[in-house]
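Here the structure comes first, spelled out in structure tokens, and everything after it is commentary.
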Amino acid sequence: MSTENAATFDCPECDVSAPSTSVPYDSLGYVLCPVCGYAASPNAEGSPSAGRSPSAGD
Ligand SMILES: [Zn+2]
């Protein structure tokens, strides 16, 4: 996806964009949204099948 700049953090929660160098990171090294606090962690804590469940078909 060429629309995503590797040096820019785009928050999926509040749709803010900021340079990756100007955003905070958590103890695990994942970027944190400076606006809403969204953590770009691959495993969101406490989200049992909140997103996409393993599709058993298509
Ligand atoms: Zn955000």
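Each chain in the structure tokens gets a letter, A, B and so on, in the order shown; residues start at 1 in every chain, and ligands are counted from 1 in the order they appear.
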Q: List the neighbours of A:Gly37 out to 10 Å using only C-alpha atoms; skip same-chain residues closer than 6 positions along the sequence, and give me the result as a list in words.
A: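 So the residues in contact are Cys11, Glu13, Cys14, Pro24 and Val31 of chain A.
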Restricted to N, CA and C atoms, what would the selected residues look like written as a PDB file, in the first residue's frame?
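And here is the file that came out, again-v7.pdb:
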```
ATOM      1  N   CYS A  11      -3.216   6.668  13.032  1.00  0.00           N
ATOM      2  CA  CYS A  11      -4.048   6.015  14.032  1.00  0.00           C
ATOM      3  C   CYS A  11      -5.370   5.541  13.428  1.00  0.00           C
ATOM      4  N   GLU A  13      -7.846   4.616  15.106  1.00  0.00           N
ATOM      5  CA  GLU A  13      -8.927   4.945  16.023  1.00  0.00           C
ATOM      6  C   GLU A  13      -9.421   6.371  15.813  1.00  0.00           C
ATOM      7  N   CYS A  14      -8.524   7.309  15.769  1.00  0.00           N
ATOM      8  CA  CYS A  14      -8.938   8.703  15.639  1.00  0.00           C
ATOM      9  C   CYS A  14      -8.461   9.308  14.323  1.00  0.00           C
ATOM     10  N   PRO A  24       4.887   8.700  20.936  1.00  0.00           N
ATOM     11  CA  PRO A  24       5.442   7.896  22.032  1.00  0.00           C
ATOM     12  C   PRO A  24       5.318   6.403  21.758  1.00  0.00           C
ATOM     13  N   VAL A  31       3.937   1.620  18.988  1.00  0.00           N
ATOM     14  CA  VAL A  31       3.621   3.037  18.929  1.00  0.00           C
ATOM     15  C   VAL A  31       2.311   3.333  19.651  1.00  0.00           C
TER      16      VAL A  31
END
```
Q. Mind listing the residues within 10 Å of ligand 1, only C-alpha atoms and all ligand atoms counted, as number ranges by chain?
A. A: 9-18, 32-40
